[in-house]
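First the structure, in the form of structure tokens, and then the observations on it.
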Amino acid sequence: MRNSSFFILLYALTALLLSACMFPVLIPETEAGMGAAAGGQVESDAEFERLLACVEDSFPAENYITNELLPDLDGAWESMDCESMDLVKIGMSWILNGGGAPWYNAVELGFFNDVCLEAELVRGGSGIGHVQTLIDGGVDFAVSAGGSLIPGLLTGHDGADIVAVGAIIKHSPYIWLGLDHDTPQDQRSGKRLTPEDFIGKTIGLHEGDGHFFELISARHGISPDQVELVVTGYSPEPVIEGEMDYTAAWLINEPQLLEAQGYMNWVAFRFSEWGWDDYSEVLVVRRSTLEENPDLVRRYLAAVLRGLRHVIESPEDSAEIAVRYAVDVELTKEKALRRYELQEALVVGADELPLGHMSAERWNRQVASLIQYDQMELPMCE
């Protein structure tokens with residue numbers, strides 16, 4: 001089994017806007033998922049359904065997620081009468097960049113203070129995953145860049161008793177990013193990629209990303225010998241240089257790097273539409289806190305979700321606030337606004353659930369995929 005901390009590294013590194021690229025090298029067969037055969041979709045689907053049934057029976061999402069304390073954002077916002085303030089430490093998923101806008105708004109606009117909270121934002125970074133800090137008692141709340149980390153920790157880490165109480169991003173931002181050469185460089189592409197578009201192409205994957213190709217290969221009948229897989233870094237530069245046709249990326253970040261160089265004709269294969277739909281920026285708390293002080297959790301969620309709604313309803317104001325708070329990057333108002341534009345559909349979601357709410361069915365399906373592609377172990381489902 002790959003280590004669960006892989007998910008922190010994957011999402012955290014892709015969240016950083018890097019400008020340097022690495023020379024590609026061939027991915028070994030075991031890493032690229034070379035055991036998957038073309039035409040294996042029926043067998044793969046049958047195995048997935050078996051695993052899903054086992055997950056629903058043995059490890060249902062209702063045991064580790066809840067929407068019950070999320071606020072009703074349609075109601076009027078009212079300040080509390082505070083006899084004292086509760087200090088809460090919030091372990092952020094990454095450095096203080098444009099992604100922290102809901103929390104920045106909650107601090108700047110007084111949403112935390114309105115519910116008698118004083119918030120300290122504890123920055124994350126490469127190798128700093130604050131879900132682990134949460135487990136160890138170092139913070140009161142954590143933000144997990146990848147939701148899949150949570151069930152992996154619950155099943156593979158002694159003492160990990162945590163609960164997901166909301167999700168800022170409802171659909172996985174993980175994509176394969178390329179250029180649409182049939183569209184002029186200065187125009188946006190309307191092309192929707194399918195798995196068949198990768199036949200005969202070169203795809204750059206991050207180290208440890210082989211399971212993403214394995215999913216495409218097994219479920220959509222793309223043989224490994226029809227695609228060249230190479231390891232790449234966290235920049236779309238190799239796509240511009242023609243070294244590869246597509247590269248692994250995060251929808252919220254790398255497309256902006258292409259746009260900054262004048263490539264408006266980028267196109268993305270969104271894994272959330274093809275069987276890998278992880279939650280991101282997941283709000284996590286210790287179960288003991290949830291049980292002993294649910295009011296604290298409720299107030300925290302109310303402030304953060306109010307901050308999130310302000311991003312959607314007042315992006316200009318939110319961008320100006322983010323520029324002041326995102327002290328770890330050179331963020332401009334224009335970059336912040338473009339981020340909000342790229343992420344809005346991911347935040348609002350296509351599930352017709354209110355902001356921040358999660359689907360237990362979605363979590364169960366993701367866990368089944370994690371088991372199927374060797375990213376998580378659940379012995380009773382082997």
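Scheme for the structure tokens: letters A, B, ... for chains in order shown; per-chain residue numbers from 1; ligand numbers from 1 in order shown.
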
- Item | Residues of range 151-272 of chain A in strand (DSSP E), written as a PyMOL selection string | chain A and resi 162-169+174-179+202-205+228-231+246-250+266-270

Which polymer residues have any atom within 7 Å of an atom of Tyr64 in chain A, counting only C-alpha atoms, with same-chain residues fewer than 6 positions away left out, as a PDB file with all heavy atoms, in the first residue's frame?
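Wrote it out as selection15.pdb, contents follow:
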ATOM      1  N   ILE A 162     -10.897  11.021  13.744  1.00  0.00           N
ATOM      2  CA  ILE A 162     -11.225  12.337  13.221  1.00  0.00           C
ATOM      3  C   ILE A 162     -12.505  12.258  12.391  1.00  0.00           C
ATOM      4  O   ILE A 162     -12.904  11.175  11.935  1.00  0.00           O
ATOM      5  CB  ILE A 162     -10.074  12.906  12.367  1.00  0.00           C
ATOM      6  CG1 ILE A 162      -9.659  11.886  11.291  1.00  0.00           C
ATOM      7  CG2 ILE A 162      -8.892  13.309  13.239  1.00  0.00           C
ATOM      8  CD1 ILE A 162      -8.528  12.342  10.390  1.00  0.00           C
ATOM      9  N   VAL A 163     -13.126  13.419  12.209  1.00  0.00           N
ATOM     10  CA  VAL A 163     -14.392  13.477  11.478  1.00  0.00           C
ATOM     11  C   VAL A 163     -14.341  14.648  10.497  1.00  0.00           C
ATOM     12  O   VAL A 163     -13.885  15.748  10.848  1.00  0.00           O
ATOM     13  CB  VAL A 163     -15.582  13.671  12.447  1.00  0.00           C
ATOM     14  CG1 VAL A 163     -16.901  13.715  11.672  1.00  0.00           C
ATOM     15  CG2 VAL A 163     -15.612  12.559  13.506  1.00  0.00           C
ATOM     16  N   ALA A 164     -14.800  14.405   9.281  1.00  0.00           N
ATOM     17  CA  ALA A 164     -14.955  15.475   8.294  1.00  0.00           C
ATOM     18  C   ALA A 164     -16.302  16.144   8.535  1.00  0.00           C
ATOM     19  O   ALA A 164     -17.338  15.476   8.533  1.00  0.00           O
ATOM     20  CB  ALA A 164     -14.884  14.919   6.876  1.00  0.00           C
TER      21      ALA A 164
END

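Reported to one decimal place, the separation of CA of Ala145 in chain A from CA of Met358 in chain A is 15.1 Å.
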
- Task: Just the helix (DSSP H, G or I) stuff from range 103-345 of chain A, please, per backbone DSSP, written as a PyMOL selection string.
- Result: chain A and resi 103-108+111-114+130-135+149-156+195-198+210-220+224-226+237-240+254-260+271-273+287-292+294-313+315-325+333-345

The selected residues should be written to file as a compact mmCIF listing (two decimals), in the first residue's frame (atoms: C-alpha atoms).
# COMPACT_ATOMS: atom_id res chain seq x y z
CA TRP A 103 -10.73 32.04 6.33
CA TYR A 104 -9.25 35.44 5.44
CA ASN A 105 -12.76 36.82 4.99
CA ALA A 106 -13.87 35.32 8.29
CA VAL A 107 -10.99 37.06 10.06
CA GLU A 108 -11.09 40.39 8.23
CA PHE A 111 -17.23 36.51 11.21
CA PHE A 112 -15.03 34.66 13.70
CA ASN A 113 -15.37 37.43 16.28
CA ASP A 114 -19.13 37.50 15.73
CA HIS A 130 -2.03 19.50 9.63
CA VAL A 131 -4.42 16.57 9.76
CA GLN A 132 -1.58 14.81 11.56
CA THR A 133 -1.10 17.92 13.72
CA LEU A 134 -4.80 17.72 14.56
CA ILE A 135 -4.50 14.06 15.56
CA LEU A 149 -6.42 11.17 3.29
CA ILE A 150 -9.08 10.89 6.00
CA PRO A 151 -10.36 7.32 5.48
CA GLY A 152 -6.78 6.22 4.84
CA LEU A 153 -5.69 7.57 8.21
CA LEU A 154 -8.71 6.13 9.99
CA THR A 155 -7.89 2.62 8.78
CA GLY A 156 -4.12 2.76 8.90
CA PRO A 195 -10.09 8.99 -22.55
CA GLU A 196 -9.75 8.18 -26.25
CA ASP A 197 -8.03 11.53 -26.79
CA PHE A 198 -4.96 10.18 -24.98
CA GLY A 210 0.19 5.78 -11.74
CA HIS A 211 -3.20 4.87 -10.33
CA PHE A 212 -4.82 7.73 -12.25
CA PHE A 213 -3.78 6.16 -15.53
CA GLU A 214 -4.71 2.73 -14.22
CA LEU A 215 -8.26 3.96 -13.64
CA ILE A 216 -8.50 5.30 -17.20
CA SER A 217 -6.93 2.15 -18.61
CA ALA A 218 -9.15 -0.30 -16.74
CA ARG A 219 -12.46 1.53 -16.89
CA HIS A 220 -12.22 2.95 -20.38
CA PRO A 224 -0.91 0.99 -21.68
CA ASP A 225 0.97 0.45 -24.92
CA GLN A 226 -1.23 3.08 -26.56
CA GLU A 237 6.18 24.24 -19.29
CA PRO A 238 6.80 20.81 -20.92
CA VAL A 239 3.40 21.11 -22.64
CA ILE A 240 4.37 24.50 -24.06
CA GLU A 254 -1.50 25.51 -13.47
CA PRO A 255 -3.97 26.82 -16.08
CA GLN A 256 -3.19 30.29 -14.75
CA LEU A 257 0.49 29.70 -15.55
CA LEU A 258 -0.44 28.95 -19.15
CA GLU A 259 -2.68 32.00 -19.35
CA ALA A 260 0.10 34.19 -17.98
CA PHE A 271 -11.02 13.29 -13.37
CA SER A 272 -14.04 14.29 -11.31
CA GLU A 273 -16.12 13.62 -14.43
CA ARG A 287 -14.12 13.23 17.25
CA SER A 288 -13.57 14.10 20.91
CA THR A 289 -14.05 17.81 20.12
CA LEU A 290 -17.17 17.04 18.11
CA GLU A 291 -18.68 15.07 20.97
CA GLU A 292 -17.57 17.26 23.87
CA PRO A 294 -20.25 20.61 19.30
CA ASP A 295 -21.10 24.29 19.79
CA LEU A 296 -17.46 25.24 19.15
CA VAL A 297 -17.50 23.25 15.91
CA ARG A 298 -20.82 24.79 14.90
CA ARG A 299 -19.52 28.33 15.43
CA TYR A 300 -16.31 27.62 13.51
CA LEU A 301 -18.24 26.23 10.55
CA ALA A 302 -20.63 29.16 10.57
CA ALA A 303 -17.76 31.66 10.26
CA VAL A 304 -15.85 29.75 7.58
CA LEU A 305 -18.91 29.05 5.43
CA ARG A 306 -19.97 32.69 5.74
CA GLY A 307 -16.50 33.59 4.52
CA LEU A 308 -16.88 31.16 1.62
CA ARG A 309 -20.20 32.65 0.60
CA HIS A 310 -18.59 36.08 0.62
CA VAL A 311 -16.04 34.79 -1.91
CA ILE A 312 -18.90 33.80 -4.22
CA GLU A 313 -21.07 36.86 -3.70
CA PRO A 315 -15.31 38.26 -5.30
CA GLU A 316 -13.80 41.73 -5.77
CA ASP A 317 -13.80 42.45 -2.04
CA SER A 318 -12.59 38.93 -1.27
CA ALA A 319 -9.71 39.30 -3.73
CA GLU A 320 -8.60 42.56 -2.12
CA ILE A 321 -8.65 40.89 1.29
CA ALA A 322 -6.75 37.85 0.02
CA VAL A 323 -3.96 40.00 -1.43
CA ARG A 324 -3.29 41.32 2.09
CA TYR A 325 -3.51 37.97 3.86
CA LYS A 333 -6.20 40.91 -7.25
CA GLU A 334 -6.44 39.65 -10.83
CA LYS A 335 -4.90 36.28 -9.93
CA ALA A 336 -7.23 35.89 -6.98
CA LEU A 337 -10.28 36.68 -9.11
CA ARG A 338 -9.21 34.17 -11.76
CA ARG A 339 -8.82 31.52 -9.07
CA TYR A 340 -12.34 32.17 -7.84
CA GLU A 341 -13.61 31.88 -11.39
CA LEU A 342 -11.86 28.56 -11.98
CA GLN A 343 -12.98 27.05 -8.68
CA GLU A 344 -16.59 28.27 -8.48
CA ALA A 345 -18.14 25.19 -10.12

- Task: Could you tell me how far CA of Glu68 in chain A lies from CA of Pro102 in chain A, in Å and to one decimal?
- Result: 20.0 Å

Give me the residues within 9 Å of range 44-51 of chain A as a short mmCIF file (atom, residue, chain, number, x, y, z; two decimals) with N, CA, C and O atoms, in the first residue's frame, counting only C-alpha atoms and dropping any in the same chain fewer than 6 places off.
data_model
loop_
_atom_site.label_atom_id
_atom_site.label_comp_id
_atom_site.auth_asym_id
_atom_site.auth_seq_id
_atom_site.Cartn_x
_atom_site.Cartn_y
_atom_site.Cartn_z
N LEU A 215 -6.81 3.80 -13.62
CA LEU A 215 -8.26 3.96 -13.64
C LEU A 215 -8.76 4.16 -15.08
O LEU A 215 -9.74 3.53 -15.50
N ALA A 218 -8.25 0.80 -17.09
CA ALA A 218 -9.15 -0.30 -16.74
C ALA A 218 -10.60 0.00 -17.05
O ALA A 218 -11.33 -0.84 -17.57
N ARG A 219 -11.03 1.22 -16.75
CA ARG A 219 -12.46 1.53 -16.89
C ARG A 219 -12.84 1.97 -18.29
O ARG A 219 -14.01 1.91 -18.66
N ARG A 365 -17.93 5.76 -2.64
CA ARG A 365 -17.42 5.44 -3.97
C ARG A 365 -15.93 5.77 -4.07
O ARG A 365 -15.17 5.04 -4.70
N VAL A 367 -13.76 5.77 -1.59
CA VAL A 367 -13.02 4.77 -0.82
C VAL A 367 -12.91 3.47 -1.61
O VAL A 367 -11.85 2.83 -1.62
N ALA A 368 -13.97 3.08 -2.28
CA ALA A 368 -13.91 1.87 -3.11
C ALA A 368 -12.85 2.01 -4.20
O ALA A 368 -12.11 1.07 -4.50
N SER A 369 -12.74 3.20 -4.80
CA SER A 369 -11.71 3.44 -5.81
C SER A 369 -10.32 3.40 -5.19
O SER A 369 -9.38 2.87 -5.79
N ILE A 371 -9.33 1.65 -2.67
CA ILE A 371 -8.98 0.24 -2.44
C ILE A 371 -8.66 -0.44 -3.76
O ILE A 371 -7.67 -1.18 -3.88
N GLN A 372 -9.48 -0.20 -4.76
CA GLN A 372 -9.30 -0.86 -6.05
C GLN A 372 -7.95 -0.54 -6.68
O GLN A 372 -7.33 -1.41 -7.31
N CYS A 381 -12.36 -6.10 2.90
CA CYS A 381 -12.82 -5.99 1.51
C CYS A 381 -11.82 -6.55 0.50
O CYS A 381 -12.01 -6.42 -0.71
N GLU A 382 -10.72 -7.12 1.00
CA GLU A 382 -9.70 -7.64 0.07
C GLU A 382 -10.22 -8.88 -0.65
O GLU A 382 -11.03 -9.62 -0.14
#

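Here CA of Val327 in chain A stands at a distance of 12.5 Å from CA of Val122 in chain A.
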
- Query: Within 6 Å of Ser172 in chain A, counting only C-alpha atoms, which residues qualify if same-chain residues fewer than 2 places away don't, as JSON, numbers by chain?
  - Reply: {"A": [174, 272, 277, 278, 279]}

- Query: Which is closest to Gly221 in chain A among A:Thr194, A:Ala160, A:Asp74, A:Gln375, if we use only C-alpha atoms?
  - Reply: A:Thr194

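Distance annotation: of A:Leu283, A:Ala268, A:Leu179, A:Leu353, the residue with the minimal separation from Ser93 in chain A is A:Leu283; atom set is only C-alpha atoms.
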
Test item: residues at most 6 Å from Leu346 in chain A, only C-alpha atoms, excluding those fewer than 3 positions along its chain, as a tab-separated table (two decimals) with C-alpha atoms, in the first residue's frame:
chain	number	residue	atom	x	y	z
A	169	ILE	CA	-14.29	22.11	-2.70
A	170	LYS	CA	-16.79	19.44	-3.71
A	171	HIS	CA	-15.08	18.04	-6.80
A	343	GLN	CA	-12.98	27.05	-8.68
A	349	GLY	CA	-20.91	21.52	-6.88
